[in-house]
$ cat my_file18.pdb   # PDB, C-alpha atoms
ATOM      1  CA  MET A1233      43.887  40.921 -39.862
ATOM      2  CA  GLY A1234      43.759  38.823 -36.750
ATOM      3  CA  ILE A1235      42.566  35.272 -36.787
ATOM      4  CA  PRO A1236      38.976  35.076 -35.453
ATOM      5  CA  PRO A1237      38.650  32.974 -32.334
ATOM      6  CA  VAL A1238      37.395  29.489 -32.868
ATOM      7  CA  PRO A1239      34.136  28.894 -31.000
ATOM      8  CA  GLN A1240      34.548  26.215 -28.396
ATOM      9  CA  THR A1241      32.005  23.454 -28.423
ATOM     10  CA  PRO A1242      30.989  22.062 -25.056
ATOM     11  CA  ARG A1243      32.615  18.784 -24.187
ATOM     12  CA  ARG A1244      30.479  15.709 -24.289
ATOM     13  CA  GLY A1245      29.235  14.883 -20.842
ATOM     14  CA  ALA A1246      29.808  18.413 -19.552
ATOM     15  CA  ARG A1247      27.094  19.689 -17.278
ATOM     16  CA  ARG A1248      24.848  22.424 -18.509
ATOM     17  CA  SER A1249      23.761  25.170 -16.184
ATOM     18  CA  PRO A1250      20.344  24.263 -14.804
ATOM     19  CA  HIS A1251      17.415  26.497 -15.699
ATOM     20  CA  ALA A1252      14.340  26.632 -13.528
ATOM     21  CA  ASN A1253      11.139  25.504 -15.167
ATOM     22  CA  TRP A1254       8.929  28.148 -13.587
ATOM     23  CA  PRO A1255       5.567  26.975 -14.996
ATOM     24  CA  ALA A1256       6.145  23.458 -13.674
ATOM     25  CA  THR A1257       7.476  24.821 -10.372
ATOM     26  CA  LEU A1258       4.429  27.049  -9.855
ATOM     27  CA  LEU A1259       2.134  24.179 -10.758
ATOM     28  CA  LEU A1260       3.819  21.923  -8.199
ATOM     29  CA  ILE A1261       3.638  24.641  -5.543
ATOM     30  CA  SER A1262      -0.064  25.144  -6.217
ATOM     31  CA  GLY A1263      -0.721  21.425  -6.048
ATOM     32  CA  SER A1264       1.243  21.142  -2.787
ATOM     33  CA  LEU A1265      -0.705  23.996  -1.207
ATOM     34  CA  THR A1266      -4.027  22.308  -1.991
ATOM     35  CA  VAL A1267      -2.804  19.355   0.093
ATOM     36  CA  PHE A1268      -0.832  20.997   2.890
ATOM     37  CA  LEU A1269      -3.224  23.833   3.705
ATOM     38  CA  PRO A1270      -6.202  21.556   4.536
ATOM     39  CA  LEU A1271      -3.846  19.256   6.438
ATOM     40  CA  TYR A1272      -2.447  22.221   8.387
ATOM     41  CA  VAL A1273      -5.946  23.434   9.268
ATOM     42  CA  THR A1274      -6.919  19.926  10.391
ATOM     43  CA  VAL A1275      -3.893  19.642  12.681
ATOM     44  CA  VAL A1276      -4.152  23.093  14.299
ATOM     45  CA  MET A1277      -7.924  22.881  14.745
ATOM     46  CA  SER A1278      -7.658  19.486  16.434
ATOM     47  CA  LEU A1279      -5.170  20.929  18.950
ATOM     48  CA  LYS A1280      -7.367  23.864  19.962
ATOM     49  CA  SER A1281      -9.901  24.125  22.745
ATOM     50  CA  THR A1282     -13.592  24.432  21.900
ATOM     51  CA  ARG A1283     -13.447  28.167  22.549
ATOM     52  CA  GLN A1284     -10.441  28.679  20.272
ATOM     53  CA  ALA A1285     -11.925  26.513  17.529
ATOM     54  CA  VAL A1286     -14.930  28.830  17.074
ATOM     55  CA  ASP A1287     -12.996  32.134  17.070
ATOM     56  CA  GLY A1288     -13.216  32.305  13.257
ATOM     57  CA  ASN A1289      -9.471  32.041  12.606
ATOM     58  CA  ALA A1290      -8.732  28.543  11.376
ATOM     59  CA  PHE A1291      -5.082  29.299  10.544
ATOM     60  CA  SER A1292      -4.047  30.591  13.977
ATOM     61  CA  LEU A1293      -1.828  28.374  16.095
ATOM     62  CA  PRO A1294      -3.321  26.811  19.227
ATOM     63  CA  ALA A1295      -2.226  28.523  22.429
ATOM     64  CA  PRO A1296      -2.020  26.542  24.591
ATOM     65  CA  LEU A1297      -2.190  23.062  23.090
ATOM     66  CA  ASP A1298      -5.369  21.226  24.001
ATOM     67  CA  PHE A1299      -5.658  17.469  23.471
ATOM     68  CA  SER A1300      -9.134  17.120  24.932
ATOM     69  CA  GLY A1301     -10.634  16.950  21.424
ATOM     70  CA  PHE A1302      -8.832  13.672  20.771
ATOM     71  CA  ALA A1303     -10.070  12.108  24.001
ATOM     72  CA  GLU A1304     -13.655  13.184  23.316
ATOM     73  CA  ALA A1305     -13.532  12.008  19.697
ATOM     74  CA  TRP A1306     -12.089   8.666  20.831
ATOM     75  CA  GLN A1307     -15.009   8.028  23.167
ATOM     76  CA  LEU A1308     -17.738   9.559  21.008
ATOM     77  CA  THR A1309     -17.050   7.555  17.843
ATOM     78  CA  GLY A1310     -15.838   4.359  19.506
ATOM     79  CA  PHE A1311     -12.570   4.844  17.673
ATOM     80  CA  ALA A1312     -10.817   1.713  18.950
ATOM     81  CA  HIS A1313     -13.619  -0.592  17.756
ATOM     82  CA  GLY A1314     -13.919   1.163  14.401
ATOM     83  CA  PHE A1315     -10.151   1.120  13.961
ATOM     84  CA  LEU A1316      -9.992  -2.648  14.469
ATOM     85  CA  ILE A1317     -12.768  -3.217  11.920
ATOM     86  CA  SER A1318     -11.143  -0.914   9.361
ATOM     87  CA  ALA A1319      -7.756  -2.553   9.938
ATOM     88  CA  ALA A1320      -9.214  -6.052   9.526
ATOM     89  CA  VAL A1321     -11.070  -5.132   6.331
ATOM     90  CA  SER A1322      -8.009  -3.414   4.861
ATOM     91  CA  ALA A1323      -5.644  -6.258   5.801
ATOM     92  CA  ALA A1324      -7.953  -8.865   4.267
ATOM     93  CA  THR A1325      -8.311  -6.722   1.141
ATOM     94  CA  VAL A1326      -4.552  -6.333   0.725
ATOM     95  CA  ALA A1327      -3.750 -10.021   1.259
ATOM     96  CA  ALA A1328      -6.516 -11.342  -0.999
ATOM     97  CA  THR A1329      -5.832  -8.770  -3.731
ATOM     98  CA  ILE A1330      -2.120  -9.628  -3.920
ATOM     99  CA  LEU A1331      -2.819 -13.367  -3.913
ATOM    100  CA  LEU A1332      -5.620 -13.451  -6.476
ATOM    101  CA  ALA A1333      -4.200 -10.776  -8.776
ATOM    102  CA  SER A1334      -0.739 -12.370  -8.926
ATOM    103  CA  LEU A1335      -2.154 -15.831  -9.670
ATOM    104  CA  ALA A1336      -4.551 -14.503 -12.314
ATOM    105  CA  SER A1337      -1.816 -12.422 -13.935
ATOM    106  CA  TYR A1338       0.567 -15.370 -14.111
ATOM    107  CA  ALA A1339      -2.092 -17.550 -15.744
ATOM    108  CA  ILE A1340      -2.968 -14.807 -18.245
ATOM    109  CA  VAL A1341       0.606 -13.933 -19.219
ATOM    110  CA  ARG A1342       1.789 -17.515 -19.653
ATOM    111  CA  ASN A1343      -1.358 -18.514 -21.600
ATOM    112  CA  TRP A1344      -1.747 -15.382 -23.679
ATOM    113  CA  GLY A1345      -2.083 -17.411 -26.855
ATOM    114  CA  ARG A1346      -5.305 -18.996 -25.601
ATOM    115  CA  ARG A1347      -8.459 -17.066 -26.316
ATOM    116  CA  LEU A1348     -10.059 -17.682 -22.912
ATOM    117  CA  PHE A1349      -7.172 -16.122 -20.976
ATOM    118  CA  ARG A1350      -6.798 -13.231 -23.405
ATOM    119  CA  TRP A1351     -10.497 -12.407 -23.200
ATOM    120  CA  SER A1352     -10.377 -12.748 -19.408
ATOM    121  CA  PHE A1353      -7.729 -10.024 -19.330
ATOM    122  CA  PHE A1354      -9.832  -7.702 -21.468
ATOM    123  CA  TYR A1355     -12.856  -8.480 -19.290
ATOM    124  CA  LEU A1356     -10.927  -7.445 -16.176
ATOM    125  CA  LEU A1357      -9.736  -4.271 -17.882
ATOM    126  CA  ALA A1358     -13.305  -3.399 -18.836
ATOM    127  CA  ALA A1359     -14.311  -3.747 -15.186
ATOM    128  CA  MET A1360     -12.028  -0.803 -14.368
ATOM    129  CA  PHE A1361     -14.569   1.478 -16.042
ATOM    130  CA  LEU A1362     -17.471   0.139 -13.966
ATOM    131  CA  PRO A1363     -17.721   2.226 -10.770
ATOM    132  CA  PHE A1364     -19.382   0.863  -7.667
ATOM    133  CA  PRO A1365     -22.346   3.314  -7.645
ATOM    134  CA  VAL A1366     -23.510   1.861 -10.986
ATOM    135  CA  VAL A1367     -23.945  -1.620  -9.495
ATOM    136  CA  ALA A1368     -24.534  -0.557  -5.879
ATOM    137  CA  LEU A1369     -28.196  -1.578  -5.757
ATOM    138  CA  ALA A1370     -27.506  -5.032  -7.158
ATOM    139  CA  GLN A1371     -24.557  -5.536  -4.801
ATOM    140  CA  ILE A1372     -26.636  -4.521  -1.782
ATOM    141  CA  LYS A1373     -29.340  -7.011  -2.749
ATOM    142  CA  LEU A1374     -26.888  -9.867  -3.416
ATOM    143  CA  THR A1375     -24.867  -9.374  -0.237
ATOM    144  CA  GLY A1376     -28.074  -9.283   1.797
ATOM    145  CA  ILE A1377     -29.290 -12.560   0.271
ATOM    146  CA  ALA A1378     -25.895 -14.217   0.825
ATOM    147  CA  GLY A1379     -25.629 -12.966   4.407
ATOM    148  CA  LEU A1380     -22.585 -10.845   3.556
ATOM    149  CA  ASP A1381     -23.991  -7.504   4.675
ATOM    150  CA  ASN A1382     -21.061  -7.153   7.082
ATOM    151  CA  PRO A1383     -17.323  -6.360   6.993
ATOM    152  CA  VAL A1384     -16.616  -9.715   5.322
ATOM    153  CA  GLY A1385     -18.791  -8.737   2.365
ATOM    154  CA  VAL A1386     -17.174  -5.303   2.257
ATOM    155  CA  ALA A1387     -13.702  -6.889   2.103
ATOM    156  CA  LEU A1388     -14.809  -9.240  -0.696
ATOM    157  CA  LEU A1389     -16.192  -6.363  -2.746
ATOM    158  CA  HIS A1390     -13.045  -4.323  -2.154
ATOM    159  CA  VAL A1391     -10.986  -7.209  -3.530
ATOM    160  CA  MET A1392     -13.214  -7.587  -6.579
ATOM    161  CA  PHE A1393     -13.016  -3.911  -7.441
ATOM    162  CA  GLN A1394      -9.233  -3.857  -6.941
ATOM    163  CA  LEU A1395      -8.544  -6.874  -9.169
ATOM    164  CA  SER A1396      -8.698  -5.026 -12.491
ATOM    165  CA  PHE A1397      -6.014  -2.455 -11.745
ATOM    166  CA  SER A1398      -3.903  -4.965  -9.811
ATOM    167  CA  VAL A1399      -3.934  -7.494 -12.645
ATOM    168  CA  LEU A1400      -2.904  -4.743 -15.036
ATOM    169  CA  LEU A1401       0.141  -3.948 -12.887
ATOM    170  CA  PHE A1402       1.118  -7.573 -12.321
ATOM    171  CA  THR A1403       0.818  -8.542 -15.995
ATOM    172  CA  ALA A1404       3.048  -5.631 -17.040
ATOM    173  CA  PHE A1405       5.665  -6.750 -14.522
ATOM    174  CA  LEU A1406       5.455 -10.452 -15.403
ATOM    175  CA  ARG A1407       5.929  -9.747 -19.107
ATOM    176  CA  SER A1408       9.265  -8.149 -18.263
ATOM    177  CA  LEU A1409      10.565 -11.333 -16.592
ATOM    178  CA  PRO A1410      12.413 -13.701 -18.945
ATOM    179  CA  GLU A1411      10.755 -17.054 -19.508
ATOM    180  CA  GLU A1412      14.201 -18.699 -19.402
ATOM    181  CA  LEU A1413      14.012 -18.514 -15.603
ATOM    182  CA  GLU A1414      10.959 -20.759 -15.601
ATOM    183  CA  GLU A1415      12.419 -23.116 -18.170
ATOM    184  CA  SER A1416      15.545 -23.651 -16.092
ATOM    185  CA  ALA A1417      13.424 -24.311 -12.993
ATOM    186  CA  ARG A1418      11.296 -26.848 -14.885
ATOM    187  CA  LEU A1419      14.442 -28.601 -16.088
ATOM    188  CA  ASP A1420      15.351 -29.035 -12.432
ATOM    189  CA  GLY A1421      12.034 -30.788 -11.837
ATOM    190  CA  ALA A1422       9.864 -27.948 -10.528
ATOM    191  CA  ASN A1423       6.165 -28.005 -11.329
ATOM    192  CA  THR A1424       3.961 -24.982 -12.067
ATOM    193  CA  TRP A1425       3.126 -24.249  -8.425
ATOM    194  CA  GLN A1426       6.760 -24.498  -7.364
ATOM    195  CA  VAL A1427       7.840 -22.236 -10.212
ATOM    196  CA  PHE A1428       5.356 -19.586  -9.163
ATOM    197  CA  TRP A1429       5.757 -19.681  -5.367
ATOM    198  CA  LYS A1430       9.505 -20.331  -5.121
ATOM    199  CA  LEU A1431      10.760 -18.443  -8.173
ATOM    200  CA  LEU A1432       8.337 -15.841  -9.518
ATOM    201  CA  PHE A1433       6.439 -14.697  -6.432
ATOM    202  CA  PRO A1434       9.609 -13.519  -4.635
ATOM    203  CA  LEU A1435      10.530 -11.572  -7.771
ATOM    204  CA  LEU A1436       7.104  -9.920  -7.659
ATOM    205  CA  ALA A1437       7.835  -8.383  -4.244
ATOM    206  CA  PRO A1438       8.193  -4.753  -5.475
ATOM    207  CA  MET A1439       4.969  -4.952  -7.482
ATOM    208  CA  SER A1440       3.200  -6.800  -4.668
ATOM    209  CA  ALA A1441       4.094  -3.912  -2.363
ATOM    210  CA  THR A1442       2.768  -1.425  -4.902
ATOM    211  CA  VAL A1443      -0.503  -3.322  -5.344
ATOM    212  CA  GLY A1444      -0.853  -3.719  -1.586
ATOM    213  CA  ILE A1445      -0.416  -0.001  -0.956
ATOM    214  CA  PHE A1446      -3.045   0.965  -3.522
ATOM    215  CA  ALA A1447      -5.432  -1.669  -2.135
ATOM    216  CA  PHE A1448      -4.897  -0.476   1.437
ATOM    217  CA  LEU A1449      -5.501   3.184   0.638
ATOM    218  CA  ALA A1450      -8.625   2.403  -1.394
ATOM    219  CA  SER A1451     -10.055   0.150   1.330
ATOM    220  CA  TRP A1452      -9.157   2.335   4.309
ATOM    221  CA  ASN A1453     -10.583   5.537   2.823
ATOM    222  CA  ASP A1454     -13.712   4.015   1.295
ATOM    223  CA  PHE A1455     -16.989   5.381   2.619
ATOM    224  CA  MET A1456     -19.757   4.463   0.182
ATOM    225  CA  MET A1457     -19.295   0.689   0.033
ATOM    226  CA  PRO A1458     -19.271  -0.083   3.795
ATOM    227  CA  PHE A1459     -22.009   2.504   4.343
ATOM    228  CA  LEU A1460     -24.341   0.784   1.868
ATOM    229  CA  ILE A1461     -23.369  -2.851   2.469
ATOM    230  CA  THR A1462     -22.981  -3.144   6.246
ATOM    231  CA  SER A1463     -26.369  -3.334   7.951
ATOM    232  CA  ASP A1464     -25.143  -3.309  11.567
ATOM    233  CA  PRO A1465     -23.979   0.206  12.637
ATOM    234  CA  SER A1466     -21.711  -1.313  15.297
ATOM    235  CA  LEU A1467     -19.664  -3.028  12.555
ATOM    236  CA  GLN A1468     -18.996   0.060  10.465
ATOM    237  CA  THR A1469     -15.558   1.309   9.471
ATOM    238  CA  LEU A1470     -14.036   4.590  10.605
ATOM    239  CA  PRO A1471     -15.176   6.811   7.688
ATOM    240  CA  VAL A1472     -18.777   5.707   8.213
ATOM    241  CA  LEU A1473     -18.577   6.137  11.986
ATOM    242  CA  GLN A1474     -17.449   9.713  11.498
ATOM    243  CA  SER A1475     -20.471  10.377   9.312
ATOM    244  CA  ILE A1476     -22.844   8.762  11.834
ATOM    245  CA  PHE A1477     -21.574  10.950  14.676
ATOM    246  CA  GLN A1478     -21.209  14.065  12.510
ATOM    247  CA  THR A1479     -24.324  15.704  13.977
ATOM    248  CA  GLN A1480     -23.070  15.118  17.523
ATOM    249  CA  PHE A1481     -19.966  17.204  16.818
ATOM    250  CA  SER A1482     -22.244  20.285  16.475
ATOM    251  CA  ASN A1483     -19.980  23.295  17.086
ATOM    252  CA  ASN A1484     -17.153  21.260  18.616
ATOM    253  CA  TYR A1485     -14.930  21.726  15.618
ATOM    254  CA  ASN A1486     -11.863  20.647  17.559
ATOM    255  CA  VAL A1487     -13.517  17.270  18.241
ATOM    256  CA  ALA A1488     -14.537  16.893  14.599
ATOM    257  CA  PHE A1489     -11.066  17.694  13.266
ATOM    258  CA  ALA A1490      -9.443  15.471  15.888
ATOM    259  CA  SER A1491     -11.649  12.610  14.684
ATOM    260  CA  TYR A1492     -10.708  13.293  11.065
ATOM    261  CA  LEU A1493      -7.018  13.431  11.910
ATOM    262  CA  MET A1494      -7.091  10.144  13.810
ATOM    263  CA  ALA A1495      -8.896   8.450  10.922
ATOM    264  CA  MET A1496      -6.526   9.699   8.236
ATOM    265  CA  ALA A1497      -3.321   9.252  10.264
ATOM    266  CA  PRO A1498      -2.832   5.511   9.490
ATOM    267  CA  ALA A1499      -3.189   6.086   5.743
ATOM    268  CA  ILE A1500      -0.730   9.003   5.849
ATOM    269  CA  VAL A1501       1.801   7.010   7.874
ATOM    270  CA  VAL A1502       1.524   3.973   5.609
ATOM    271  CA  TYR A1503       2.010   6.076   2.484
ATOM    272  CA  LEU A1504       4.968   8.032   3.897
ATOM    273  CA  PHE A1505       6.826   4.855   4.818
ATOM    274  CA  THR A1506       5.937   2.885   1.681
ATOM    275  CA  GLN A1507       5.949   5.436  -1.132
ATOM    276  CA  ARG A1508       9.420   4.255  -2.178
ATOM    277  CA  TRP A1509       7.940   0.802  -2.814
ATOM    278  CA  VAL A1510       5.381   2.352  -5.169
ATOM    279  CA  LEU A1511       8.062   4.118  -7.189
ATOM    280  CA  SER A1512      10.337   1.068  -7.113
ATOM    281  CA  GLY A1513       7.628  -1.315  -8.305
ATOM    282  CA  VAL A1514       6.450   0.889 -11.157
ATOM    283  CA  THR A1515      10.013   1.721 -12.242
ATOM    284  CA  GLN A1516      11.256  -1.866 -12.205
ATOM    285  CA  GLY A1517       8.238  -2.996 -14.137
ATOM    286  CA  ALA A1518       8.953  -0.399 -16.793
ATOM    287  CA  ILE A1519      12.698  -0.869 -17.340
ATOM    288  CA  LYS A1520      13.315  -4.585 -16.858
TER     289      LYS A1520
END
$ encode --input "my_file18.pdb" --output "structure tokens"
Amino acid sequence: MGIPPVPQTPRRGARRSPHANWPATLLLISGSLTVFLPLYVTVVMSLKSTRQAVDGNAFSLPAPLDFSGFAEAWQLTGFAHGFLISAAVSAATVAATILLASLASYAIVRNWGRRLFRWSFFYLLAAMFLPFPVVALAQIKLTGIAGLDNPVGVALLHVMFQLSFSVLLFTAFLRSLPEELEESARLDGANTWQVFWKLLFPLLAPMSATVGIFAFLASWNDFMMPFLITSDPSLQTLPVLQSIFQTQFSNNYNVAFASYLMAMAPAIVVYLFTQRWVLSGVTQGAIK
């Protein structure tokens, strides 16, 4: 009788042959199509002439390219003015959210043993489950009384509604930083403000970028809050301006889609160039 061959066990660290996870792959493909197909239709429709845009074939390529829809949408909606207002509101929202959320998170994390700070954290978390439409009527009344029925009031409300989620992210990141860093800085004579601004705030850069990106996208794409709060139509943001001039687009679908594309382009560009900061901030906060 021959000696049976000894089965060879795979060496530790040896690579296994990859197997495709078809359910997950199909799910990802389906999710990608729900994003790319509307984006494709928006791009091709905005580059068509008025005659091509109403031919009933939204997926056909424009031949030839026609950029007149962008020029007409620019003039019709007052795009430059609306863009400046949206940019100012979003920039103020991002800066104030990062500043207030980081300071509040530092106070909460380093004073967690005190009941006031611990309850303040839970209060902010509870505010995450309070959508704006629930308190819209009260906010409209209060901003009108305070004279904040303008982009300044919209920016303030954006900051308030972004604080809950931002504080949650900052507190998770701050808890991962060793307190020995602060103790060594205090031994060198640094006070609380110096410890935060010169030591901790630079370390919060990845999470600050993450919070800023979320705040920018939420502020730039918001329609309901500026629509309800801002009383002067000439001070409205881009999403609201598009709604105001929606009836004037009539059958000029190329003008409508050109307007939509110009409004969404800044958010798309910002996300494409900063998505690595989102992943970096969340990952570093999880593994430190």
$ closest_residue --input "my_file18.pdb" --among "A:Gln1307, A:Asn1382, A:Gln1426, A:Thr1266" --to "A:Val1321" --atoms "all atoms listed in the file"
A:Asn1382
$ closest_residue --input "my_file18.pdb" --among "A:Leu1271, A:Val1399, A:Ile1261, A:Val1472" --to "A:Leu1357" --atoms "only C-alpha atoms"
A:Val1399
$ closest_residue --input "my_file18.pdb" --among "A:Ser1322, A:Arg1346, A:Pro1438, A:Asn1423" --to "A:Gln1394" --atoms "only C-alpha atoms"
A:Ser1322
$ closest_atom_pairs --input "my_file18.pdb" --of "stretch 1385-1448 of chain A" --to "stretch 1488-1499 of chain A" --cutoff "12 Å" --atoms "only C-alpha atoms" --output "JSON lines"
{"residue": "A:Ile1445", "atom": "CA", "partner": "A:Ala1499", "partner_atom": "CA", "distance": 9.5}
{"residue": "A:Phe1446", "atom": "CA", "partner": "A:Ala1499", "partner_atom": "CA", "distance": 10.6}
{"residue": "A:Ala1447", "atom": "CA", "partner": "A:Ala1499", "partner_atom": "CA", "distance": 11.3}
{"residue": "A:Phe1448", "atom": "CA", "partner": "A:Ala1499", "partner_atom": "CA", "distance": 8.0}
$ closest_residue --input "my_file18.pdb" --among "A:Leu1413, A:Met1457, A:Val1273, A:Leu1395" --to "A:Ala1358" --atoms "all atoms listed in the file"
A:Leu1395
$ resolve_selection --input "my_file18.pdb" --expression "the PyMOL selection byres ((chain A and resi 1390) around 10)" --output "list of chain:residue names"
A:Val1321, A:Ser1322, A:Ala1324, A:Thr1325, A:Val1326, A:Ala1328, A:Thr1329, A:Phe1364, A:Val1384, A:Gly1385, A:Val1386, A:Ala1387, A:Leu1388, A:Leu1389, A:Val1391, A:Met1392, A:Phe1393, A:Gln1394, A:Leu1395, A:Ala1447, A:Phe1448, A:Ala1450, A:Ser1451, A:Asp1454, A:Met1457, A:Pro1458
$ atom_distance --input "my_file18.pdb" --atom1 "atom CA of A:Phe1302" --atom2 "atom CA of A:Ser1475"
16.7 Å
$ atom_distance --input "my_file18.pdb" --atom1 "atom CA of A:Leu1332" --atom2 "atom CA of A:Gly1314"
26.8 Å
$ resolve_selection --input "my_file18.pdb" --expression "the PyMOL selection byres ((chain A and resi 1286) around 12)" --output "PyMOL selection string"
chain A and resi 1277-1278+1280-1285+1287-1292+1294+1482-1487
$ axis_aligned_box --input "my_file18.pdb" --around "stretch 1385-1400 of chain A" --padding-each-side "4 Å" --output "lines of an AutoDock Vina configuration file"
center_x = -10.8
center_y = -5.8
center_z = -6.3
size_x = 23.9
size_y = 14.8
size_z = 25.4
$ closest_residue --input "my_file18.pdb" --among "A:Arg1508, A:Ile1461, A:Phe1477, A:Asp1298" --to "A:Gly1379" --atoms "all atoms listed in the file"
A:Ile1461
$ closest_residue --input "my_file18.pdb" --among "A:Leu1449, A:Leu1356, A:Leu1419, A:Leu1380" --to "A:Ser1463" --atoms "only C-alpha atoms"
A:Leu1380
$ atom_distance --input "my_file18.pdb" --atom1 "atom CA of A:Thr1506" --atom2 "atom CA of A:Ala1437"
12.9 Å
$ residues_around --input "my_file18.pdb" --residues "A:Trp1425" --least-positions-apart "4" --cutoff "12 Å" --atoms "only C-alpha atoms" --output "list in words"
Leu1335, Tyr1338, Ala1339, Glu1414, Ala1417, Arg1418, Gly1421, Trp1429, Lys1430, Leu1431, Leu1432 and Phe1433 of chain A
$ write_last_selection --input "my_file18.pdb" --atoms "C-alpha atoms" --output "mmCIF file, in the frame of the given file"
data_model
loop_
_atom_site.group_PDB
_atom_site.id
_atom_site.type_symbol
_atom_site.label_atom_id
_atom_site.label_comp_id
_atom_site.auth_asym_id
_atom_site.auth_seq_id
_atom_site.Cartn_x
_atom_site.Cartn_y
_atom_site.Cartn_z
ATOM 1 C CA LEU A 1335 -2.154 -15.831 -9.670
ATOM 2 C CA TYR A 1338 0.567 -15.370 -14.111
ATOM 3 C CA ALA A 1339 -2.092 -17.550 -15.744
ATOM 4 C CA GLU A 1414 10.959 -20.759 -15.601
ATOM 5 C CA ALA A 1417 13.424 -24.311 -12.993
ATOM 6 C CA ARG A 1418 11.296 -26.848 -14.885
ATOM 7 C CA GLY A 1421 12.034 -30.788 -11.837
ATOM 8 C CA TRP A 1429 5.757 -19.681 -5.367
ATOM 9 C CA LYS A 1430 9.505 -20.331 -5.121
ATOM 10 C CA LEU A 1431 10.760 -18.443 -8.173
ATOM 11 C CA LEU A 1432 8.337 -15.841 -9.518
ATOM 12 C CA PHE A 1433 6.439 -14.697 -6.432
#
$ resolve_selection --input "my_file18.pdb" --expression "the PyMOL selection byres ((chain A and resi 1318) around 9)" --output "list in words"
His1313, Gly1314, Phe1315, Leu1316, Ile1317, Ala1319, Ala1320, Val1321, Ser1322, Ala1323, Pro1383, Ser1451, Trp1452, Gln1468, Thr1469, Leu1470 and Pro1471 of chain A
$ decode --input "my_file18.pdb" --residues "stretch 1307-1319 of chain A" --atoms "N, CA, C and O atoms" --output "PDB file, in the first residue's frame"
ATOM      1  N   GLN A1307     -28.979  84.576 -16.526  1.00  0.00           N
ATOM      2  CA  GLN A1307     -29.667  85.855 -16.496  1.00  0.00           C
ATOM      3  C   GLN A1307     -31.050  85.746 -15.844  1.00  0.00           C
ATOM      4  O   GLN A1307     -31.465  86.645 -15.102  1.00  0.00           O
ATOM      5  N   LEU A1308     -31.751  84.653 -16.100  1.00  0.00           N
ATOM      6  CA  LEU A1308     -33.122  84.530 -15.623  1.00  0.00           C
ATOM      7  C   LEU A1308     -33.193  84.454 -14.105  1.00  0.00           C
ATOM      8  O   LEU A1308     -34.034  85.099 -13.470  1.00  0.00           O
ATOM      9  N   THR A1309     -32.317  83.660 -13.500  1.00  0.00           N
ATOM     10  CA  THR A1309     -32.353  83.454 -12.051  1.00  0.00           C
ATOM     11  C   THR A1309     -31.467  84.419 -11.282  1.00  0.00           C
ATOM     12  O   THR A1309     -31.476  84.381 -10.038  1.00  0.00           O
ATOM     13  N   GLY A1310     -30.711  85.275 -11.973  1.00  0.00           N
ATOM     14  CA  GLY A1310     -29.760  86.117 -11.254  1.00  0.00           C
ATOM     15  C   GLY A1310     -28.750  85.271 -10.524  1.00  0.00           C
ATOM     16  O   GLY A1310     -28.544  85.417  -9.309  1.00  0.00           O
ATOM     17  N   PHE A1311     -28.134  84.346 -11.257  1.00  0.00           N
ATOM     18  CA  PHE A1311     -27.307  83.308 -10.646  1.00  0.00           C
ATOM     19  C   PHE A1311     -26.150  83.896  -9.844  1.00  0.00           C
ATOM     20  O   PHE A1311     -25.842  83.413  -8.746  1.00  0.00           O
ATOM     21  N   ALA A1312     -25.489  84.919 -10.369  1.00  0.00           N
ATOM     22  CA  ALA A1312     -24.319  85.461  -9.679  1.00  0.00           C
ATOM     23  C   ALA A1312     -24.691  85.983  -8.291  1.00  0.00           C
ATOM     24  O   ALA A1312     -23.992  85.716  -7.303  1.00  0.00           O
ATOM     25  N   HIS A1313     -25.806  86.711  -8.199  1.00  0.00           N
ATOM     26  CA  HIS A1313     -26.246  87.255  -6.912  1.00  0.00           C
ATOM     27  C   HIS A1313     -26.642  86.134  -5.954  1.00  0.00           C
ATOM     28  O   HIS A1313     -26.249  86.129  -4.777  1.00  0.00           O
ATOM     29  N   GLY A1314     -27.410  85.162  -6.459  1.00  0.00           N
ATOM     30  CA  GLY A1314     -27.797  84.039  -5.617  1.00  0.00           C
ATOM     31  C   GLY A1314     -26.612  83.200  -5.183  1.00  0.00           C
ATOM     32  O   GLY A1314     -26.578  82.690  -4.049  1.00  0.00           O
ATOM     33  N   PHE A1315     -25.631  83.059  -6.072  1.00  0.00           N
ATOM     34  CA  PHE A1315     -24.433  82.289  -5.728  1.00  0.00           C
ATOM     35  C   PHE A1315     -23.669  82.944  -4.589  1.00  0.00           C
ATOM     36  O   PHE A1315     -23.209  82.263  -3.658  1.00  0.00           O
ATOM     37  N   LEU A1316     -23.519  84.267  -4.641  1.00  0.00           N
ATOM     38  CA  LEU A1316     -22.805  84.972  -3.575  1.00  0.00           C
ATOM     39  C   LEU A1316     -23.524  84.827  -2.233  1.00  0.00           C
ATOM     40  O   LEU A1316     -22.881  84.633  -1.195  1.00  0.00           O
ATOM     41  N   ILE A1317     -24.849  84.908  -2.242  1.00  0.00           N
ATOM     42  CA  ILE A1317     -25.603  84.752  -0.997  1.00  0.00           C
ATOM     43  C   ILE A1317     -25.462  83.328  -0.454  1.00  0.00           C
ATOM     44  O   ILE A1317     -25.219  83.126   0.744  1.00  0.00           O
ATOM     45  N   SER A1318     -25.604  82.339  -1.324  1.00  0.00           N
ATOM     46  CA  SER A1318     -25.452  80.949  -0.885  1.00  0.00           C
ATOM     47  C   SER A1318     -24.046  80.690  -0.367  1.00  0.00           C
ATOM     48  O   SER A1318     -23.861  80.001   0.657  1.00  0.00           O
ATOM     49  N   ALA A1319     -23.036  81.237  -1.054  1.00  0.00           N
ATOM     50  CA  ALA A1319     -21.657  81.042  -0.614  1.00  0.00           C
ATOM     51  C   ALA A1319     -21.410  81.693   0.736  1.00  0.00           C
ATOM     52  O   ALA A1319     -20.737  81.118   1.608  1.00  0.00           O
TER      53      ALA A1319
END
